[in-house]
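As structure tokens, the structure follows; a few thoughts come after it.
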Amino acid sequence: MPSPKSEMQKFGAKYKLIGKDYPTPDLYAKVTGKSKYAEDFRVDGMLFCKLLLSPVPHGRVKHLDLSKALAMPGVKAILTQDDLPAPADSVTDLGVTIKANTQGEKALTMEPLYQGEPILAVAAVDEWTAAEAIEKIDIEFEHLPFALDPLETLRPRGPNPRVEGNVWVEEENSPPRVGVLKWKEEDFAPAKYGQLPMGKPQEEWSYGDLDAGFKNAALVLDETFVTPDTSHQTLEPRTALAYWQNGKVFLHMGTQSTVQTLAGLGRWLNMDRSQIVLISEYTGGGFGSKATGYIFAIIPALLAKKANAPVMMRISREEEHFIGRARPGFQGRIKAGFAKDGRITAVDMYAIGNNGPYDEAGDVGASGEIVSLLYQPPAMRWRGVTVLTNTPPRGPQSAPGGMQGIVMMEPILAKAARQLSLDHVAIHRINSPEGKAEWGPASNGKRAHATSAFLKEAFDRGAEQFRWKERVAQPKRSGSKVRGVGVSSSCFFAGSVGYDGLFVIRPDGRIAIQSGIGNLGTESLSDVHRVVAEVLGVPWEKCDVIWGNTSKNLPWTCVSGGSQTTHAMTRAAHAAAMDGKQKLQEIAAKTFGGTPEQYEVGNEKVFRKGGGRSLTLAQAAQRAIQLGGKYDGHEPPPDVNKYTKTSIAALAGQGLVAAAKDKYPHDGQSFSYVASFAEVEVDLETGKYFLTDYLAVADVGTVIHPKALSGQVLGRSILGMGHAMGQKWVFDPQYGHTISRRFYHTKPPTILDVPTGMQWAALDIPDPETPVGARGIGEPPVGGGCGAVLNALSDALGDEVFRRAPVNLDTILTSLEAGRPMQEPLTAFI
Amino acid sequence: MAVIRDIMPAFQLLQPGTVADAQKLLAQHDADAWIMAGGMDSFDWLKDRIKRPKVLVDLSGIEELRGIRATADGVEIGAMTRLSEVVGHPLIKEKYGLLAQAAELVASPQIRNQGTLGGNVSQDARCWYYRAGWPCYRAGGNICYADTPVGRNREHAILHAERCVAVNPSDTAPALIALDAKFVVQTPKGRQVMDAEHYFVGPEIDITRMNILRPGFLLMAIQIPSTWAGAQFYFEKMRDRNVWDFPLLNVASAMKLSRSNIQDIRIAVNAAAARPLRLKAVEDAVRGRECSPATGEAAGKLAVQGAVPLQFNAYKIPLMRNLVKRAIGGVQEAAWAS
Ligand SMILES: Cc1cc2nc3c(=O)[nH]c(=O)nc-3n(C[C@H](O)[C@H](O)[C@H](O)COP(=O)(O)OP(=O)(O)OC[C@H]3O[C@@H](n4cnc5c(N)ncnc54)[C@H](O)[C@@H]3O)c2cc1C
């Protein structure tokens with residue numbers, strides 16, 4: 001039953017450029033293969049490096065002899081932990097010093113905490129020689145105890161993943177340190193029944209009257225759910241090229257953020273940012289794993305210094321598996337109360353996150369916040385533990401924590417709908433956030449709130465477009481097949497504030513827009529700047545977007561992560577455009593007399609309202625240079641970031657320099673929302689299922705660029721579906737090794753695993769708290785992609801088949817055979 | 001000494017243009033030589049530096065090993081014929097559709113464009129312990145890591161396991177057995193033509209090999225007799241993803257019906273054991289019986305007799321039972337169009 005085509009949607013009725021598709025500045029290079037990624041660069045005298053990876057999940061190098069390797073012709077240098085700079089303190093934008101975490105991740109280590117962790121790097125004339133040299137290194141490890149599963153190390157006598165313990169301990173005014181958290185033997189009693197043990201949490205919060213909520217509930221469900229650890233699998237691995245020139249280090253790498261990556265590199269290299277040039281015009285995906293670059297990029301940088309030659313570090317797919325980050329799997333449990341009409345009365349949530357050995361991923365905390373917003377429980381308690389293990393380090397992955405929280409909650413909503421005989425859309429709708437919806441715990445007696453939420457409208461539109469009622473009424477069973485439909489709510493953070501916009505109107509009349517956003521494939525790098533052209537009334541063809549190189553005078557820009565860019569940087573673009581407009585009006589007044597307000601900007605001119613004299617943009621730019629001062633960048637606005645000021649100083653005199661910080665009011669935290677609908681068909685004789693249809697309706701505020709938006713709404717839905725349909729990690733628990741180490745073992749979803757006719761829609765209702773009305777979209781669809789598939793499966797198969805994701809034919813078939821859930825209920829990495 | 005993986009070591013690349021030259025090179029280098037067809041299995045071993053041949057004999061330049069030819073009694077497919085050519089060939093599609101179906105479900109379009117039929121039937125086990133270089137039975141050691149109380153063995157064997165629990169992952173192999181194909185193998189002592197099922201060996205015969213190939217042996221071609229041309233075929237493969245995934249289990253059958261009775265049948269499964277299994281007992285039991293759901297049901301049950309699950313692969317038993325059942329008794333397709 002095909003839904004109407006998404007392409008029929010029209011956006012941007014009141015705009016010329018906003019809401020319209022356009023060829024992005026990187027398009028032709030990408031589709032013709034001319035775009036250069038880090039690996040495509042070649043420099044004179046370039047060496048290659050290869051890594052020696054740890055063969056043990058936890059150990060210590062007790063013997064190392066490099067002599068044979070160093071004696072090989074062609075081997076130029078070997079880098080070890082001893083060559084790394086000490087971890088540096090960092091100073092925030094507000095001048096606050098953050099003490100370095102000495103127990104955090106290092107680029108190389110002599111005490112590996114996971115199998116596959118880089119120990120050392122060899123630079124040689126080619127990769128073949130470097131690899132041969134590694135095989136000539138004599139290295140021995142002392143084996144230390146290891147833990148893969150959070151529940152295993154939380155046991156009273158469970159092994160610790162690090163010598164110092166198994167969790168991070170936060171103390172005021174000092175960096176976090178590793179400490180020990182053990183639960184009592186009796187805490188583990190529920191595990192016998194497949195229920196999550198819930199010992200002492202690390203953190204907890206609550207609001208509302210939980211007891212009353214459960215007491216007044218018509219139905220109380222208490223469910224344990226396990227979510228998978230999933231690699232980011234960016235198509236471009238963490239490859240980097242580095243060389244030094246005149247004391248500066250030049251780094252080519254793929255990273256999500258351009259400007260914001262400098263801070264990380266500076267910290268890891270213990271160098272001033274001004275001495276680092278980052279070149280990153282194209283990035284083959286990030287999904288959170290390259291938000292501000294990656295620590296391993298300093299390996300070629302330091303090797304290049306040591307060998308006194310440029311060094312290319314190409315990361316293989318297997319190395320990427322180990323160092324390329326992943327989403328923390330959760331072992332979670334939620335008790336939820338429901339009124340007869342499906343309204344949630346209380347939620348009691350417990351989440352255990354598997355963190356890997358290093359810096360804490362924020363997933364566990366975010367899971368509670370997102371659940372509190374998305375399902376609006378009037379009373380809620382959240383408890384969480386983030387546990388260190390000897391598995392590859394986790395990092396934020398599209399909707400970190402939010403996704404896992406949604407995936408824990410969604411099966412409960414579906415089960416409640418069945419038990420209360422309610423429509424599944426209705427139960428989602430009645431619990432949806434609306435307007436300035438509250439979220440999270442109270443601080444100083446007040447809970448935070450969202451800028452806006454139109455999720456109910458998204459469900460209404462989706463139910464109609466998906467023909468929900470018709471599908472529900474259809475026969476479920478035919479032959480060996482059974483069909484199921486499911487819906488899911490979804491949301492995530494979608495915007496920050498306070499960044500700078502910067503562009504130059506050049507004396508030739510063209511507009512050079514400086515973009516500090518990374519080119520991670522989302523197109524936000526140029527999309528947000530359509531606002532500049534829109535506000536000034538300049539054709540897009542007259543705009544040149546400058547990006548991807550920190551020596552090109554870029555403005556202070558948000559991290560391209562956390563789905564904040566579209567929101568944050570349309571605001572900054574808008575602010576800069578208003579500054580440009582104001583300056584044009586002032587220049588016209590100075591030139592022709594009168595007040596700035598008597599002039600208007602449009603049609604590539606600034607002209608007197610109601611007719612009269614005008615300046616073309618080219619003429620105005622020439623005038624700006626003559627006038628100097630603030631007009632051509634010799635006097636930067638006082639409130640822009642110092643990073644922007646440096647860029648403005650370098651651009652000064654080149655034309656009319658427009659720059660401004662986003663100071664627009666913003667009441668609440670911005671989130672975007674998605675209502676997802678899925679249909680599956682399961683074969684009861686094999687357990688195999690196909691996802692036969694999918695629709696996602698997005699509430700993202702004003703639509704800026706429909707094609708890019710559709711790529712995000714559907715692409716990130718697919719990312720979520722992968723968690724339902726097969727993506728996972730597998731370890732051998734006896735040896736602590738990853739055994740799903742090949743790309744195909746970890747089963748990322750393919751285009752043939754998703755419906756060819758998938759649809760998307762966007763409400764296009766502007767957010768009231770931002771000038772252009774646009775919020776971010778990267779992450780909000782992910783939870784819904786997974787939740788809708790899981791709920792469609794339980795619609796087809798009932799509640800007694802799965803209690804963890806992914807769900808594959810083995811689970812379905814064995815559970816159907818046995819008539820009860822046959823999945824291993826709690827163990828990680830099955 | 002340290003270990004590094006996922007980067008190919010150096011070797012000597014030999015590219016003979018004729019079978020005769022290839023044979024000469026293979027004889028000369030004996031156990032030091034590695035035969036390479038499409039490389040889809042070979043490259044994995046080489047990149048991981050686990051198999052370290054001194055020379056690689058690349059067969060891709062040998063024209064006589066390529067192509068699909070009609071013969072007096074059926075069809076002959078050169079060992080170096082790419083899987084995508086097998087899939088698209090009109091004669092294969094028309095008369096031996098079972099093989100076309102099986103080949104089309106192998107891996108992904110890219111891998112089918114590169115992988116050959118000879119390579120597909122000769123590929124090694126994909127047990128993730130063995131392929132990661134663990135010193136297991138199959139690698140010449142004396143332990144099976146997959147068959148321990150905590151070994152992760154969801155993809156492993158339910159039948160005929162003997163120390164090693166790896167399976168043969170080829171999708172084309174059971175189809176070729178069902179079609180009663182003959183494998184033409186050039187050995188240093190001359191040419192041998194053998195039944196498809198005899199090309200494969202289980203751990204009870206040789207735990208380090210999946211087939212009869214030894215140094216110096218060359219698989220030349222696969223011949224399919226016309227005996228089963230145009231018979232009623234059934235192929236079904238189960239995998240987690242719809243592309244780019246090895247079989248969790250597959251079934252291939254060729255059936256001749258006389259009215260509604262099964263006059264003759266050949267049926268095989270793969271990924272259930274270390275070699276593709278021809279289900280002779282099932283064939284004998286259903287021959288002469290009505291081709292009906294009930295017969296399929298009985299056949300399915302018979303097929304899994306003696307199956308022993310490991311910790312994580314119990315699903316393979318009902319799966320194999322139901323696939324065999326469907327191969328004979330048919331699938332109840334849904335009435336709706338999806
Ligand atoms: C990610 C991935 C997924 C896959 N999924 C599937 C799948 O779903 N189903 C499936 O069936 N296969 C699958 N394969 C295997 C693939 O189909 C290849 O076709 C097959 O492994 C080898 O074919 P090849 O021509 O590339 O042979 P090669 O890799 O070159 O050779 C394979 C082996 O056969 C030997 N050999 C090859 N030709 C000859 C010959 N003529 N004489 C003697 N020895 C020979 C080689 O020495 C080597 O040992 C997959 C492979 C990969 C990498």
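Labels used: A, B, ... for chains in the order of the structure tokens, numbers from 1 for residues in each chain, and numbers from 1 for ligands as shown.
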How would you write, as a compact mmCIF listing (two decimals) with all heavy atoms, in the first residue's frame, the set of residues no farther than 7 Å from ligand 1 when counting only C-alpha atoms and all ligand atoms?
# COMPACT_ATOMS: atom_id res chain seq x y z
N TYR A 744 31.74 -7.07 7.68
CA TYR A 744 30.47 -7.77 7.45
C TYR A 744 29.96 -8.48 8.70
O TYR A 744 28.77 -8.73 8.84
CB TYR A 744 30.58 -8.73 6.25
CG TYR A 744 31.35 -10.01 6.48
CD1 TYR A 744 30.72 -11.14 6.98
CD2 TYR A 744 32.70 -10.10 6.17
CE1 TYR A 744 31.42 -12.32 7.19
CE2 TYR A 744 33.40 -11.27 6.36
CZ TYR A 744 32.77 -12.38 6.89
OH TYR A 744 33.46 -13.54 7.10
N TRP B 34 49.83 -20.54 -3.93
CA TRP B 34 48.41 -20.32 -3.59
C TRP B 34 47.69 -20.00 -4.90
O TRP B 34 48.12 -19.10 -5.63
CB TRP B 34 48.29 -19.16 -2.61
CG TRP B 34 46.87 -18.87 -2.20
CD1 TRP B 34 45.94 -18.17 -2.89
CD2 TRP B 34 46.25 -19.28 -0.99
NE1 TRP B 34 44.78 -18.11 -2.19
CE2 TRP B 34 44.93 -18.79 -1.01
CE3 TRP B 34 46.67 -20.03 0.13
CZ2 TRP B 34 44.02 -19.01 0.03
CZ3 TRP B 34 45.77 -20.24 1.16
CH2 TRP B 34 44.45 -19.74 1.11
N ILE B 35 46.63 -20.72 -5.15
CA ILE B 35 45.85 -20.45 -6.36
C ILE B 35 44.88 -19.32 -6.08
O ILE B 35 44.19 -19.33 -5.07
CB ILE B 35 45.06 -21.70 -6.79
CG1 ILE B 35 46.05 -22.79 -7.24
CG2 ILE B 35 44.06 -21.37 -7.88
CD1 ILE B 35 45.36 -24.09 -7.61
N MET B 36 44.86 -18.34 -6.96
CA MET B 36 43.89 -17.28 -6.78
C MET B 36 42.94 -17.18 -7.96
O MET B 36 43.36 -17.10 -9.12
CB MET B 36 44.55 -15.93 -6.58
CG MET B 36 43.51 -14.94 -6.08
SD MET B 36 44.13 -13.30 -5.81
CE MET B 36 44.20 -12.72 -7.48
N ALA B 37 41.66 -17.19 -7.63
CA ALA B 37 40.63 -16.99 -8.66
C ALA B 37 40.16 -15.53 -8.54
O ALA B 37 40.88 -14.63 -8.90
CB ALA B 37 39.51 -18.00 -8.45
N GLY B 38 38.99 -15.30 -7.97
CA GLY B 38 38.52 -13.92 -7.82
C GLY B 38 39.11 -13.20 -6.62
O GLY B 38 39.02 -11.99 -6.49
N GLY B 39 39.69 -13.96 -5.71
CA GLY B 39 40.37 -13.37 -4.56
C GLY B 39 39.47 -13.03 -3.38
O GLY B 39 39.95 -12.56 -2.35
N MET B 40 38.18 -13.29 -3.50
CA MET B 40 37.26 -12.85 -2.44
C MET B 40 37.44 -13.63 -1.14
O MET B 40 37.09 -13.16 -0.07
CB MET B 40 35.80 -12.97 -2.92
CG MET B 40 35.46 -12.03 -4.06
SD MET B 40 35.54 -10.28 -3.57
CE MET B 40 37.20 -9.88 -3.97
N ASP B 41 37.97 -14.81 -1.26
CA ASP B 41 38.31 -15.58 -0.07
C ASP B 41 39.82 -15.44 0.18
O ASP B 41 40.25 -15.19 1.30
CB ASP B 41 37.95 -17.05 -0.32
CG ASP B 41 37.90 -17.85 0.97
OD1 ASP B 41 37.48 -17.30 1.98
OD2 ASP B 41 38.30 -19.02 0.94
N SER B 42 40.58 -15.54 -0.89
CA SER B 42 42.05 -15.50 -0.77
C SER B 42 42.54 -14.21 -0.12
O SER B 42 43.39 -14.24 0.76
CB SER B 42 42.69 -15.62 -2.16
OG SER B 42 42.23 -16.77 -2.80
N PHE B 43 42.01 -13.07 -0.57
CA PHE B 43 42.54 -11.78 -0.08
C PHE B 43 42.42 -11.67 1.44
O PHE B 43 43.27 -11.09 2.10
CB PHE B 43 41.81 -10.60 -0.73
CG PHE B 43 42.21 -10.38 -2.16
CD1 PHE B 43 41.32 -9.84 -3.07
CD2 PHE B 43 43.49 -10.70 -2.60
CE1 PHE B 43 41.69 -9.63 -4.40
CE2 PHE B 43 43.87 -10.50 -3.92
CZ PHE B 43 42.96 -9.96 -4.82
N ALA B 79 35.79 -23.05 -14.39
CA ALA B 79 35.94 -22.73 -12.97
C ALA B 79 36.08 -21.23 -12.75
O ALA B 79 35.67 -20.70 -11.72
CB ALA B 79 37.14 -23.46 -12.38
N MET B 80 36.68 -20.53 -13.72
CA MET B 80 36.93 -19.09 -13.55
C MET B 80 35.76 -18.21 -14.00
O MET B 80 35.89 -17.00 -14.07
CB MET B 80 38.19 -18.69 -14.30
CG MET B 80 39.48 -19.16 -13.64
SD MET B 80 39.67 -18.48 -11.98
CE MET B 80 39.94 -16.76 -12.37
N LEU B 105 22.18 -15.26 -4.96
CA LEU B 105 22.04 -14.93 -3.53
C LEU B 105 23.38 -14.89 -2.81
O LEU B 105 23.45 -14.64 -1.61
CB LEU B 105 21.10 -15.94 -2.86
CG LEU B 105 19.65 -15.83 -3.33
CD1 LEU B 105 18.82 -16.97 -2.78
CD2 LEU B 105 19.05 -14.49 -2.90
N VAL B 106 24.45 -15.14 -3.54
CA VAL B 106 25.78 -15.08 -2.92
C VAL B 106 26.13 -13.63 -2.59
O VAL B 106 26.00 -12.74 -3.43
CB VAL B 106 26.85 -15.66 -3.87
CG1 VAL B 106 28.26 -15.34 -3.37
CG2 VAL B 106 26.67 -17.16 -4.04
N ALA B 107 26.58 -13.41 -1.39
CA ALA B 107 27.23 -12.16 -0.97
C ALA B 107 26.52 -10.91 -1.49
O ALA B 107 25.38 -10.64 -1.13
CB ALA B 107 28.70 -12.19 -1.38
N SER B 108 27.21 -10.16 -2.37
CA SER B 108 26.69 -8.88 -2.86
C SER B 108 27.01 -8.76 -4.34
O SER B 108 27.85 -9.49 -4.86
CB SER B 108 27.37 -7.74 -2.10
OG SER B 108 28.76 -7.74 -2.41
N ILE B 111 30.73 -8.54 -5.01
CA ILE B 111 31.47 -9.80 -4.79
C ILE B 111 31.13 -10.80 -5.90
O ILE B 111 31.99 -11.54 -6.36
CB ILE B 111 31.18 -10.35 -3.38
CG1 ILE B 111 31.80 -9.40 -2.34
CG2 ILE B 111 31.74 -11.76 -3.20
CD1 ILE B 111 31.43 -9.70 -0.89
N ARG B 112 29.89 -10.79 -6.37
CA ARG B 112 29.54 -11.71 -7.46
C ARG B 112 30.21 -11.32 -8.77
O ARG B 112 30.43 -12.16 -9.63
CB ARG B 112 28.01 -11.74 -7.65
CG ARG B 112 27.27 -12.31 -6.47
CD ARG B 112 25.84 -12.67 -6.84
NE ARG B 112 25.01 -11.51 -7.14
CZ ARG B 112 24.34 -10.79 -6.24
NH1 ARG B 112 24.42 -11.10 -4.95
NH2 ARG B 112 23.59 -9.77 -6.61
N GLN B 114 33.17 -10.31 -8.95
CA GLN B 114 34.58 -10.63 -8.80
C GLN B 114 34.78 -12.13 -8.51
O GLN B 114 35.71 -12.75 -9.04
CB GLN B 114 35.16 -9.78 -7.67
CG GLN B 114 36.62 -10.00 -7.36
CD GLN B 114 37.53 -9.51 -8.48
OE1 GLN B 114 37.11 -8.71 -9.33
NE2 GLN B 114 38.74 -10.02 -8.51
N GLY B 115 33.91 -12.70 -7.69
CA GLY B 115 34.07 -14.10 -7.28
C GLY B 115 33.70 -15.04 -8.41
O GLY B 115 32.81 -14.77 -9.21
N THR B 116 34.37 -16.18 -8.43
CA THR B 116 34.14 -17.16 -9.49
C THR B 116 33.38 -18.37 -8.95
O THR B 116 33.37 -18.60 -7.74
CB THR B 116 35.47 -17.66 -10.05
OG1 THR B 116 36.17 -18.35 -9.01
CG2 THR B 116 36.34 -16.50 -10.55
N LEU B 117 32.82 -19.15 -9.85
CA LEU B 117 32.11 -20.35 -9.42
C LEU B 117 33.09 -21.34 -8.81
O LEU B 117 32.82 -21.93 -7.75
CB LEU B 117 31.38 -20.99 -10.61
CG LEU B 117 30.50 -22.18 -10.24
CD1 LEU B 117 29.40 -21.78 -9.26
CD2 LEU B 117 29.90 -22.84 -11.48
N GLY B 118 34.26 -21.50 -9.45
CA GLY B 118 35.27 -22.42 -8.90
C GLY B 118 35.72 -21.99 -7.52
O GLY B 118 35.89 -22.82 -6.62
N GLY B 119 35.90 -20.69 -7.34
CA GLY B 119 36.31 -20.17 -6.04
C GLY B 119 35.21 -20.32 -5.02
O GLY B 119 35.46 -20.62 -3.85
N ASN B 120 33.98 -20.13 -5.46
CA ASN B 120 32.87 -20.21 -4.51
C ASN B 120 32.73 -21.61 -3.92
O ASN B 120 32.48 -21.76 -2.72
CB ASN B 120 31.56 -19.78 -5.19
CG ASN B 120 30.44 -19.64 -4.18
OD1 ASN B 120 29.65 -20.55 -3.99
ND2 ASN B 120 30.39 -18.50 -3.50
N SER B 122 35.16 -23.69 -3.71
CA SER B 122 36.42 -24.08 -3.06
C SER B 122 36.75 -23.22 -1.84
O SER B 122 37.80 -23.38 -1.24
CB SER B 122 37.57 -23.97 -4.07
OG SER B 122 37.25 -24.64 -5.27
N GLN B 123 35.87 -22.31 -1.49
CA GLN B 123 36.18 -21.37 -0.40
C GLN B 123 36.31 -22.09 0.93
O GLN B 123 35.73 -23.14 1.16
CB GLN B 123 35.14 -20.26 -0.32
CG GLN B 123 33.74 -20.73 0.03
CD GLN B 123 32.77 -19.57 0.13
OE1 GLN B 123 32.96 -18.64 0.89
NE2 GLN B 123 31.72 -19.60 -0.68
N ASP B 124 37.05 -21.45 1.80
CA ASP B 124 37.35 -22.00 3.11
C ASP B 124 36.23 -21.67 4.09
O ASP B 124 35.34 -20.86 3.80
CB ASP B 124 38.67 -21.39 3.61
CG ASP B 124 39.40 -22.32 4.56
OD1 ASP B 124 38.78 -23.25 5.09
OD2 ASP B 124 40.61 -22.09 4.77
N PRO B 169 30.35 -22.48 3.82
CA PRO B 169 29.41 -21.38 3.60
C PRO B 169 29.00 -21.17 2.14
O PRO B 169 28.38 -20.16 1.83
CB PRO B 169 30.22 -20.18 4.08
CG PRO B 169 31.64 -20.52 3.73
CD PRO B 169 31.76 -22.03 3.75
N SER B 170 29.30 -22.08 1.26
CA SER B 170 29.01 -21.83 -0.16
C SER B 170 27.52 -21.95 -0.46
O SER B 170 26.87 -22.91 -0.05
CB SER B 170 29.80 -22.82 -1.02
OG SER B 170 29.31 -22.77 -2.34
N ASP B 171 27.01 -21.00 -1.20
CA ASP B 171 25.61 -21.08 -1.63
C ASP B 171 25.45 -21.90 -2.89
O ASP B 171 24.39 -22.50 -3.13
CB ASP B 171 25.06 -19.66 -1.88
CG ASP B 171 24.67 -18.96 -0.59
OD1 ASP B 171 24.02 -19.59 0.25
OD2 ASP B 171 25.05 -17.79 -0.43
N THR B 172 26.48 -21.93 -3.73
CA THR B 172 26.31 -22.66 -4.99
C THR B 172 26.50 -24.16 -4.81
O THR B 172 25.96 -24.96 -5.57
CB THR B 172 27.30 -22.16 -6.07
OG1 THR B 172 28.64 -22.38 -5.60
CG2 THR B 172 27.10 -20.69 -6.38
N LEU B 213 41.05 -30.69 -2.85
CA LEU B 213 42.19 -30.03 -3.51
C LEU B 213 43.46 -30.14 -2.66
O LEU B 213 43.43 -29.91 -1.45
CB LEU B 213 41.90 -28.55 -3.75
CG LEU B 213 40.76 -28.23 -4.70
CD1 LEU B 213 40.57 -26.72 -4.82
CD2 LEU B 213 41.00 -28.83 -6.08
N PHE B 217 46.70 -29.30 -7.49
CA PHE B 217 45.39 -29.61 -8.06
C PHE B 217 44.76 -28.32 -8.61
O PHE B 217 44.91 -27.25 -8.03
CB PHE B 217 44.44 -30.16 -6.99
CG PHE B 217 44.67 -31.59 -6.63
CD1 PHE B 217 45.95 -32.11 -6.52
CD2 PHE B 217 43.59 -32.43 -6.37
CE1 PHE B 217 46.16 -33.44 -6.15
CE2 PHE B 217 43.78 -33.76 -6.00
CZ PHE B 217 45.07 -34.27 -5.89
N LEU B 218 44.04 -28.49 -9.69
CA LEU B 218 43.37 -27.35 -10.31
C LEU B 218 41.93 -27.75 -10.63
O LEU B 218 41.71 -28.76 -11.31
CB LEU B 218 44.12 -27.02 -11.60
CG LEU B 218 44.03 -25.62 -12.18
CD1 LEU B 218 44.43 -24.57 -11.17
CD2 LEU B 218 44.93 -25.55 -13.41
N LEU B 219 40.98 -26.98 -10.10
CA LEU B 219 39.60 -27.23 -10.51
C LEU B 219 39.42 -26.57 -11.87
O LEU B 219 39.65 -25.38 -12.02
CB LEU B 219 38.63 -26.63 -9.48
CG LEU B 219 37.14 -26.70 -9.82
CD1 LEU B 219 36.65 -28.14 -9.94
CD2 LEU B 219 36.31 -25.94 -8.79
N MET B 220 39.03 -27.38 -12.88
CA MET B 220 38.97 -26.88 -14.26
C MET B 220 37.57 -26.38 -14.61
O MET B 220 37.41 -25.31 -15.18
CB MET B 220 39.31 -28.01 -15.23
CG MET B 220 40.66 -28.64 -15.00
SD MET B 220 41.96 -27.58 -15.62
CE MET B 220 41.60 -27.64 -17.35
N TRP B 244 25.00 -9.16 1.05
CA TRP B 244 26.28 -9.07 1.75
C TRP B 244 26.27 -9.87 3.04
O TRP B 244 26.63 -9.38 4.08
CB TRP B 244 26.58 -7.57 2.00
CG TRP B 244 27.94 -7.24 2.51
CD1 TRP B 244 29.10 -7.93 2.35
CD2 TRP B 244 28.28 -6.10 3.31
NE1 TRP B 244 30.13 -7.29 2.97
CE2 TRP B 244 29.66 -6.17 3.56
CE3 TRP B 244 27.56 -5.02 3.82
CZ2 TRP B 244 30.33 -5.20 4.31
CZ3 TRP B 244 28.23 -4.06 4.56
CH2 TRP B 244 29.60 -4.15 4.80
N ASP B 245 25.80 -11.09 2.95
CA ASP B 245 25.74 -11.94 4.13
C ASP B 245 25.83 -13.41 3.73
O ASP B 245 25.14 -13.85 2.81
CB ASP B 245 24.43 -11.69 4.88
CG ASP B 245 24.65 -11.48 6.36
OD1 ASP B 245 25.76 -11.76 6.84
OD2 ASP B 245 23.69 -11.06 7.03
N PHE B 246 26.65 -14.13 4.46
CA PHE B 246 26.77 -15.57 4.25
C PHE B 246 25.48 -16.26 4.70
O PHE B 246 24.73 -15.72 5.49
CB PHE B 246 27.95 -16.11 5.07
CG PHE B 246 29.28 -15.81 4.46
CD1 PHE B 246 30.02 -14.72 4.88
CD2 PHE B 246 29.77 -16.62 3.45
CE1 PHE B 246 31.25 -14.44 4.30
CE2 PHE B 246 31.00 -16.35 2.87
CZ PHE B 246 31.74 -15.26 3.30
N PRO B 247 25.27 -17.48 4.21
CA PRO B 247 24.06 -18.19 4.63
C PRO B 247 24.14 -18.65 6.08
O PRO B 247 25.20 -19.09 6.53
CB PRO B 247 24.03 -19.41 3.70
CG PRO B 247 25.45 -19.64 3.31
CD PRO B 247 26.07 -18.27 3.25
- Message: Quick one: residues within 6 Å of Ser206 (chain A), only C-alpha atoms, excluding same-chain residues fewer than 3 positions away - as a ChimeraX atom specification?
- Response: /A:380-381,441
Dump N, CA and C atoms for the selected residues as a short mmCIF file (atom, residue, chain, number, x, y, z; two decimals), in the first residue's frame?
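Saved result, result_28.cif, follows:
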data_model
loop_
_atom_site.label_atom_id
_atom_site.label_comp_id
_atom_site.auth_asym_id
_atom_site.auth_seq_id
_atom_site.Cartn_x
_atom_site.Cartn_y
_atom_site.Cartn_z
N MET A 380 8.86 10.76 37.68
CA MET A 380 9.89 9.88 37.13
C MET A 380 11.09 9.82 38.04
N ARG A 381 11.67 8.61 38.12
CA ARG A 381 12.97 8.47 38.75
C ARG A 381 13.91 7.87 37.71
N PRO A 441 15.28 16.54 35.37
CA PRO A 441 14.98 16.77 36.78
C PRO A 441 14.87 18.27 37.05
#
- Query: Any idea which chain B residues end up within 9 Å of chain A if we count only C-alpha atoms, as a PyMOL selection string please?
  - Reply: chain B and resi 1-10+128-129+132+145-146+150-152+154+238-245+312-316+318-320+322-323+331-338
- Item | Residue list (strand (DSSP E), DSSP) for region 175-226 of chain B, as a PyMOL selection string | chain B and resi 182-187+190-195+218-225
- Message: Using DSSP assignments from the backbone, pull out every residue in region 160-194 of chain B that falls under alpha helix (DSSP H) and give it to me as number ranges by chain.
- Response: B: 172-178
- Query: Any idea what the distance is between CA of Ile511 (chain A) and CA of Gly33 (chain A)?
  - Reply: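 If I compute the distance from CA of Ile511 (chain A) to CA of Gly33 (chain A), I get 27.0 Å.
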- Find the residues around Tyr130 (chain B) up to 9 Å (only C-alpha atoms counted), leave out those fewer than 5 positions away in its own chain, and share them as a PyMOL selection string. chain B and resi 125+135-139+144-146+166
- Top pick for closest residue to Ala512 (chain A), considering A:Thr565, A:Thr827, A:Gln654, A:Thr224 and counting only C-alpha atoms: A:Gln654
